[in-house]
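Structure, as structure tokens:
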Amino acid sequence: MHRLSEREWLAYKQKNKDRARMLISCEDRAGIVAAVSNFLFAQGANIVQSDQYTTDPETGRFFMRIEFDLVNLADRLESLKDAFWPVAENYGMEWSLVEAKKRKKVAIFVSKEDHCLLELLWRWKSGELHADISVVVSNHPDMKETVESFGIPYRHIPVTKENKAQAEEEQLAAALDVDLIILARYMQILSPRFLDDYAMRIINIHHSFLPAFVGAKPYEQAYRRGVKLIGATAHYVTEELDAGPIIEQDVQRVSHQEDVETLKQLGRQVERTVLARAVGWHLEDRVLVYGNKTIVFP
């Protein structure tokens with residue numbers, strides 16, 4: 001992994017210092033792209049990337065992600081938002097406008113398996129994940145030394161049936177004010193209260209055998225059935241277990257030659273890659289949620 005030098009980091013910040021991202025969703029109708037483009041042109045902005053999608057041009061929902069550069073963006077951001085309100089109201093838009101250089105605060109939850117956690121830490125250290133990792137929270141002490149070697153605080157909060165409510169209060173306090181929680185193979189179910197506080201701001205990863213091989217030892221079950229594909233799914237967490245809006249998936253073809261341990265190893269490789277992609281897209285505001293689906297502009 002390549003870690004950004006001070007010179008490269010300064011160049012990155014300079015490139016993005018006046019760059020903004022706008023996310024838009026609304027009922028589709030003629031004139032939306034023109035209205036947004038004309039507004040930005042009138043403000044003196046230069047559009048550098050624009051992606052859009054409609055579920056149906058006649059009666060569907062329209063989604064747009066646009067990046068633009070505007071001189072002295074930080075000083076003009078609030079006035080820019082105020083000026084855009086009439087456009088947004090005219091089209092009934094749900095929208096957001098953020099500075100690209102602003103780093104989101106992240107908390108990572110983990111249990112005993114380390115492959116997804118390490119992938120995130122390596123990518124963060126190399127500069128690939130544009131975020132500030134505030135804390136790693138775990139119900140086990142195993143990763144403490146590893147995490148702290150990256151200069152990141154580690155909170156060991158044991159979770160049992162008897163103390164689950166109290167433990168969640170401590171977890172919420174540890175993750176206070178973060179923009180995103182990543183479940184990097186965290187093997188505890190979060191309560192509805194927890195999910196309400198971080199709606200569509202918790203990303204989970206799991207193997208893609210569901211719903212075929214539910215419960216313990218899924219790779220053993222898959223091996224006995226002679227599966228030919230293994231994979232992973234990264235999704236936002238909802239109250240319906242492992243059924244939230246999917247952000248990213250991938251698969252690895254296998255054959256009768258792989259034993260259970262090889263299947264597990266290949267599964268871990270897919271899991272860490274899929275989770276890192278999903279997290280990266282969320283951090284770059286590339287994901288819009290639509291019902292129980294996502295629109296992703298990678």
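So you can find residues: chains in the structure tokens are A, B, ... in the order shown, residues in each start at 1, and ligands are numbered from 1 in order.
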Neighbouring residues of stretch 60-66 of chain A were defined as those with any atom within 9 Å, considering only C-alpha atoms; residues of the same chain fewer than 5 positions away were excluded. Please report them as a VMD selection string. chain A and resid 20 to 29 32 to 33 47 to 55 285 to 288 290 295 297
With a distance cut-off of 7 Å and only C-alpha atoms, select the neighbouring residues of stretch 248-257 of chain A, excluding the residue or stretch itself and same-chain residues fewer than 2 positions from it, and output the selection as a list in words.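 In the requested format, the answer is Gly226, Lys228, Leu229, Ile230, Gly231, Ala232, Thr233, Ala234, Ile246, Asp259, Val270, Val274 and Ala278 of chain A.
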Got a sec: who's within 12 Å of A:Glu170, counting only C-alpha atoms, leaving out chain neighbours fewer than 6 positions off, as a PyMOL selection string? chain A and resi 137-139+155-159+163-164+176+194
Could you go through stretch 89-285 of chain A and tell me which residues DSSP, when run on the backbone, assigns to strand (DSSP E), listing them as a ChimeraX atom specification? /A:94-99,104-110,131-138,154-156,180-183,202-207,229-236,246-253
Could you work out how far atom CA of A:Ile202 lies from atom CA of A:Ile181, giving the answer in Å with one decimal?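 Atom-to-atom, atom CA of A:Ile181 to atom CA of A:Ile202, that is 4.7 Å.
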Residues within 6 Å of stretch 114-121 of chain A, only C-alpha atoms, excluding chain neighbours under 2 positions, as a list in words: Arg123, Trp124, Ala184 and Arg272 of chain A
Residues at most 10 Å from A:Val147, counting only C-alpha atoms, excluding those fewer than 4 positions away in the same chain, as an mmCIF file with N, CA and C atoms, in the first residue's frame?
```cif
data_model
loop_
_atom_site.group_PDB
_atom_site.id
_atom_site.type_symbol
_atom_site.label_atom_id
_atom_site.label_comp_id
_atom_site.auth_asym_id
_atom_site.auth_seq_id
_atom_site.Cartn_x
_atom_site.Cartn_y
_atom_site.Cartn_z
ATOM 1 N N LEU A 117 -11.088 -5.303 9.376
ATOM 2 C CA LEU A 117 -10.515 -4.190 10.129
ATOM 3 C C LEU A 117 -9.160 -3.802 9.561
ATOM 4 N N LEU A 118 -8.280 -4.770 9.359
ATOM 5 C CA LEU A 118 -6.935 -4.463 8.873
ATOM 6 C C LEU A 118 -6.974 -3.833 7.486
ATOM 7 N N LEU A 121 -7.853 -0.227 7.995
ATOM 8 C CA LEU A 121 -6.743 0.511 8.603
ATOM 9 C C LEU A 121 -5.621 0.750 7.603
ATOM 10 N N VAL A 135 -12.395 6.024 16.590
ATOM 11 C CA VAL A 135 -12.274 4.974 17.594
ATOM 12 C C VAL A 135 -12.579 3.623 16.955
ATOM 13 N N VAL A 136 -11.975 2.586 17.497
ATOM 14 C CA VAL A 136 -12.365 1.207 17.190
ATOM 15 C C VAL A 136 -12.972 0.625 18.452
ATOM 16 N N ASP A 142 -8.939 -8.436 21.831
ATOM 17 C CA ASP A 142 -7.909 -9.032 20.981
ATOM 18 C C ASP A 142 -7.160 -8.035 20.094
ATOM 19 N N MET A 143 -7.842 -7.027 19.553
ATOM 20 C CA MET A 143 -7.231 -6.147 18.556
ATOM 21 C C MET A 143 -6.606 -4.885 19.145
ATOM 22 N N GLY A 151 -2.207 4.430 16.079
ATOM 23 C CA GLY A 151 -2.494 5.694 16.743
ATOM 24 C C GLY A 151 -3.982 5.973 16.897
ATOM 25 N N ILE A 152 -4.789 4.931 16.898
ATOM 26 C CA ILE A 152 -6.243 5.062 16.991
ATOM 27 C C ILE A 152 -6.710 4.528 18.343
ATOM 28 N N PRO A 153 -7.587 5.246 19.054
ATOM 29 C CA PRO A 153 -8.098 4.757 20.344
ATOM 30 C C PRO A 153 -8.886 3.453 20.181
ATOM 31 N N TYR A 154 -8.764 2.574 21.178
ATOM 32 C CA TYR A 154 -9.455 1.279 21.179
ATOM 33 C C TYR A 154 -10.292 1.163 22.431
#
```
Just list as a PDB file with N, CA and C atoms, in the first residue's frame whatever in stretch 57-159 of chain A DSSP marks as helix (DSSP H, G or I).
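Output saved as out37.pdb:
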```pdb
ATOM      1  N   LEU A  73     -14.756  28.480  -1.976  1.00  0.00           N
ATOM      2  CA  LEU A  73     -15.936  27.687  -1.637  1.00  0.00           C
ATOM      3  C   LEU A  73     -16.278  27.749  -0.154  1.00  0.00           C
ATOM      4  N   ALA A  74     -15.283  27.594   0.709  1.00  0.00           N
ATOM      5  CA  ALA A  74     -15.547  27.551   2.154  1.00  0.00           C
ATOM      6  C   ALA A  74     -16.285  28.799   2.624  1.00  0.00           C
ATOM      7  N   ASP A  75     -15.898  29.957   2.093  1.00  0.00           N
ATOM      8  CA  ASP A  75     -16.544  31.212   2.496  1.00  0.00           C
ATOM      9  C   ASP A  75     -17.928  31.382   1.885  1.00  0.00           C
ATOM     10  N   ARG A  76     -18.174  30.687   0.771  1.00  0.00           N
ATOM     11  CA  ARG A  76     -19.424  30.898   0.036  1.00  0.00           C
ATOM     12  C   ARG A  76     -20.436  29.764   0.225  1.00  0.00           C
ATOM     13  N   LEU A  77     -20.061  28.713   0.953  1.00  0.00           N
ATOM     14  CA  LEU A  77     -20.892  27.508   1.004  1.00  0.00           C
ATOM     15  C   LEU A  77     -22.297  27.791   1.523  1.00  0.00           C
ATOM     16  N   GLU A  78     -22.413  28.502   2.632  1.00  0.00           N
ATOM     17  CA  GLU A  78     -23.735  28.744   3.221  1.00  0.00           C
ATOM     18  C   GLU A  78     -24.595  29.625   2.328  1.00  0.00           C
ATOM     19  N   SER A  79     -24.002  30.654   1.732  1.00  0.00           N
ATOM     20  CA  SER A  79     -24.774  31.520   0.831  1.00  0.00           C
ATOM     21  C   SER A  79     -25.175  30.752  -0.423  1.00  0.00           C
ATOM     22  N   LEU A  80     -24.321  29.797  -0.844  1.00  0.00           N
ATOM     23  CA  LEU A  80     -24.649  28.959  -1.997  1.00  0.00           C
ATOM     24  C   LEU A  80     -25.868  28.086  -1.691  1.00  0.00           C
ATOM     25  N   LYS A  81     -25.904  27.518  -0.489  1.00  0.00           N
ATOM     26  CA  LYS A  81     -27.057  26.714  -0.082  1.00  0.00           C
ATOM     27  C   LYS A  81     -28.331  27.558  -0.063  1.00  0.00           C
ATOM     28  N   ASP A  82     -28.235  28.753   0.494  1.00  0.00           N
ATOM     29  CA  ASP A  82     -29.405  29.636   0.552  1.00  0.00           C
ATOM     30  C   ASP A  82     -29.908  29.971  -0.857  1.00  0.00           C
ATOM     31  N   ALA A  83     -28.971  30.220  -1.759  1.00  0.00           N
ATOM     32  CA  ALA A  83     -29.349  30.594  -3.119  1.00  0.00           C
ATOM     33  C   ALA A  83     -29.983  29.433  -3.880  1.00  0.00           C
ATOM     34  N   PHE A  84     -29.627  28.196  -3.497  1.00  0.00           N
ATOM     35  CA  PHE A  84     -30.146  27.022  -4.224  1.00  0.00           C
ATOM     36  C   PHE A  84     -31.557  26.643  -3.783  1.00  0.00           C
ATOM     37  N   TRP A  85     -31.992  27.110  -2.626  1.00  0.00           N
ATOM     38  CA  TRP A  85     -33.296  26.706  -2.091  1.00  0.00           C
ATOM     39  C   TRP A  85     -34.440  26.906  -3.082  1.00  0.00           C
ATOM     40  N   PRO A  86     -34.568  28.038  -3.779  1.00  0.00           N
ATOM     41  CA  PRO A  86     -35.680  28.193  -4.735  1.00  0.00           C
ATOM     42  C   PRO A  86     -35.682  27.133  -5.832  1.00  0.00           C
ATOM     43  N   VAL A  87     -34.479  26.757  -6.322  1.00  0.00           N
ATOM     44  CA  VAL A  87     -34.391  25.695  -7.331  1.00  0.00           C
ATOM     45  C   VAL A  87     -34.875  24.379  -6.746  1.00  0.00           C
ATOM     46  N   ALA A  88     -34.403  24.062  -5.538  1.00  0.00           N
ATOM     47  CA  ALA A  88     -34.774  22.809  -4.887  1.00  0.00           C
ATOM     48  C   ALA A  88     -36.272  22.736  -4.637  1.00  0.00           C
ATOM     49  N   GLU A  89     -36.854  23.821  -4.163  1.00  0.00           N
ATOM     50  CA  GLU A  89     -38.285  23.835  -3.862  1.00  0.00           C
ATOM     51  C   GLU A  89     -39.123  23.709  -5.136  1.00  0.00           C
ATOM     52  N   ASN A  90     -38.671  24.303  -6.204  1.00  0.00           N
ATOM     53  CA  ASN A  90     -39.405  24.237  -7.473  1.00  0.00           C
ATOM     54  C   ASN A  90     -39.546  22.804  -7.978  1.00  0.00           C
ATOM     55  N   TYR A  91     -38.521  21.979  -7.705  1.00  0.00           N
ATOM     56  CA  TYR A  91     -38.538  20.595  -8.187  1.00  0.00           C
ATOM     57  C   TYR A  91     -38.812  19.585  -7.067  1.00  0.00           C
ATOM     58  N   HIS A 115      -9.633  -9.447   9.488  1.00  0.00           N
ATOM     59  CA  HIS A 115      -9.280  -9.176   8.090  1.00  0.00           C
ATOM     60  C   HIS A 115      -9.926  -7.900   7.556  1.00  0.00           C
ATOM     61  N   CYS A 116     -11.191  -7.661   7.868  1.00  0.00           N
ATOM     62  CA  CYS A 116     -11.855  -6.442   7.377  1.00  0.00           C
ATOM     63  C   CYS A 116     -11.311  -5.195   8.078  1.00  0.00           C
ATOM     64  N   LEU A 117     -11.088  -5.303   9.376  1.00  0.00           N
ATOM     65  CA  LEU A 117     -10.515  -4.190  10.129  1.00  0.00           C
ATOM     66  C   LEU A 117      -9.160  -3.802   9.561  1.00  0.00           C
ATOM     67  N   LEU A 118      -8.280  -4.770   9.359  1.00  0.00           N
ATOM     68  CA  LEU A 118      -6.935  -4.463   8.873  1.00  0.00           C
ATOM     69  C   LEU A 118      -6.974  -3.833   7.486  1.00  0.00           C
ATOM     70  N   GLU A 119      -7.866  -4.307   6.618  1.00  0.00           N
ATOM     71  CA  GLU A 119      -7.984  -3.718   5.287  1.00  0.00           C
ATOM     72  C   GLU A 119      -8.349  -2.238   5.383  1.00  0.00           C
ATOM     73  N   LEU A 120      -9.286  -1.921   6.263  1.00  0.00           N
ATOM     74  CA  LEU A 120      -9.689  -0.521   6.434  1.00  0.00           C
ATOM     75  C   LEU A 120      -8.551   0.315   7.007  1.00  0.00           C
ATOM     76  N   LEU A 121      -7.853  -0.227   7.995  1.00  0.00           N
ATOM     77  CA  LEU A 121      -6.743   0.511   8.603  1.00  0.00           C
ATOM     78  C   LEU A 121      -5.621   0.750   7.603  1.00  0.00           C
ATOM     79  N   TRP A 122      -5.295  -0.247   6.808  1.00  0.00           N
ATOM     80  CA  TRP A 122      -4.235  -0.078   5.792  1.00  0.00           C
ATOM     81  C   TRP A 122      -4.636   0.980   4.767  1.00  0.00           C
ATOM     82  N   ARG A 123      -5.872   0.922   4.303  1.00  0.00           N
ATOM     83  CA  ARG A 123      -6.317   1.899   3.302  1.00  0.00           C
ATOM     84  C   ARG A 123      -6.404   3.299   3.902  1.00  0.00           C
ATOM     85  N   TRP A 124      -6.803   3.378   5.153  1.00  0.00           N
ATOM     86  CA  TRP A 124      -6.833   4.681   5.819  1.00  0.00           C
ATOM     87  C   TRP A 124      -5.421   5.245   5.964  1.00  0.00           C
ATOM     88  N   LYS A 125      -4.493   4.415   6.387  1.00  0.00           N
ATOM     89  CA  LYS A 125      -3.111   4.881   6.592  1.00  0.00           C
ATOM     90  C   LYS A 125      -2.464   5.303   5.281  1.00  0.00           C
ATOM     91  N   SER A 126      -2.829   4.628   4.190  1.00  0.00           N
ATOM     92  CA  SER A 126      -2.234   4.961   2.890  1.00  0.00           C
ATOM     93  C   SER A 126      -2.888   6.179   2.247  1.00  0.00           C
ATOM     94  N   LYS A 144      -6.586  -4.767  20.438  1.00  0.00           N
ATOM     95  CA  LYS A 144      -6.144  -3.532  21.084  1.00  0.00           C
ATOM     96  C   LYS A 144      -4.751  -3.096  20.637  1.00  0.00           C
ATOM     97  N   GLU A 145      -3.797  -3.989  20.722  1.00  0.00           N
ATOM     98  CA  GLU A 145      -2.412  -3.632  20.392  1.00  0.00           C
ATOM     99  C   GLU A 145      -2.278  -3.254  18.922  1.00  0.00           C
ATOM    100  N   THR A 146      -2.944  -4.007  18.051  1.00  0.00           N
ATOM    101  CA  THR A 146      -2.880  -3.717  16.618  1.00  0.00           C
ATOM    102  C   THR A 146      -3.446  -2.346  16.302  1.00  0.00           C
ATOM    103  N   VAL A 147      -4.620  -2.053  16.836  1.00  0.00           N
ATOM    104  CA  VAL A 147      -5.288  -0.782  16.541  1.00  0.00           C
ATOM    105  C   VAL A 147      -4.487   0.389  17.094  1.00  0.00           C
ATOM    106  N   GLU A 148      -4.021   0.273  18.314  1.00  0.00           N
ATOM    107  CA  GLU A 148      -3.285   1.377  18.926  1.00  0.00           C
ATOM    108  C   GLU A 148      -1.950   1.626  18.244  1.00  0.00           C
TER     109      GLU A 148
END
```
Calculate how many Å separate atom CA of A:His206 from atom CA of A:Ser111, rounding to one decimal.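 Distance reported for this atom pair: 13.4 Å.
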Determine the nearest neighbour of A:Lys104 from the options A:Asp177, A:Glu239, A:Glu128, A:Glu58, counting only C-alpha atoms.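 That would be A:Asp177, the residue with the smallest distance to A:Lys104.
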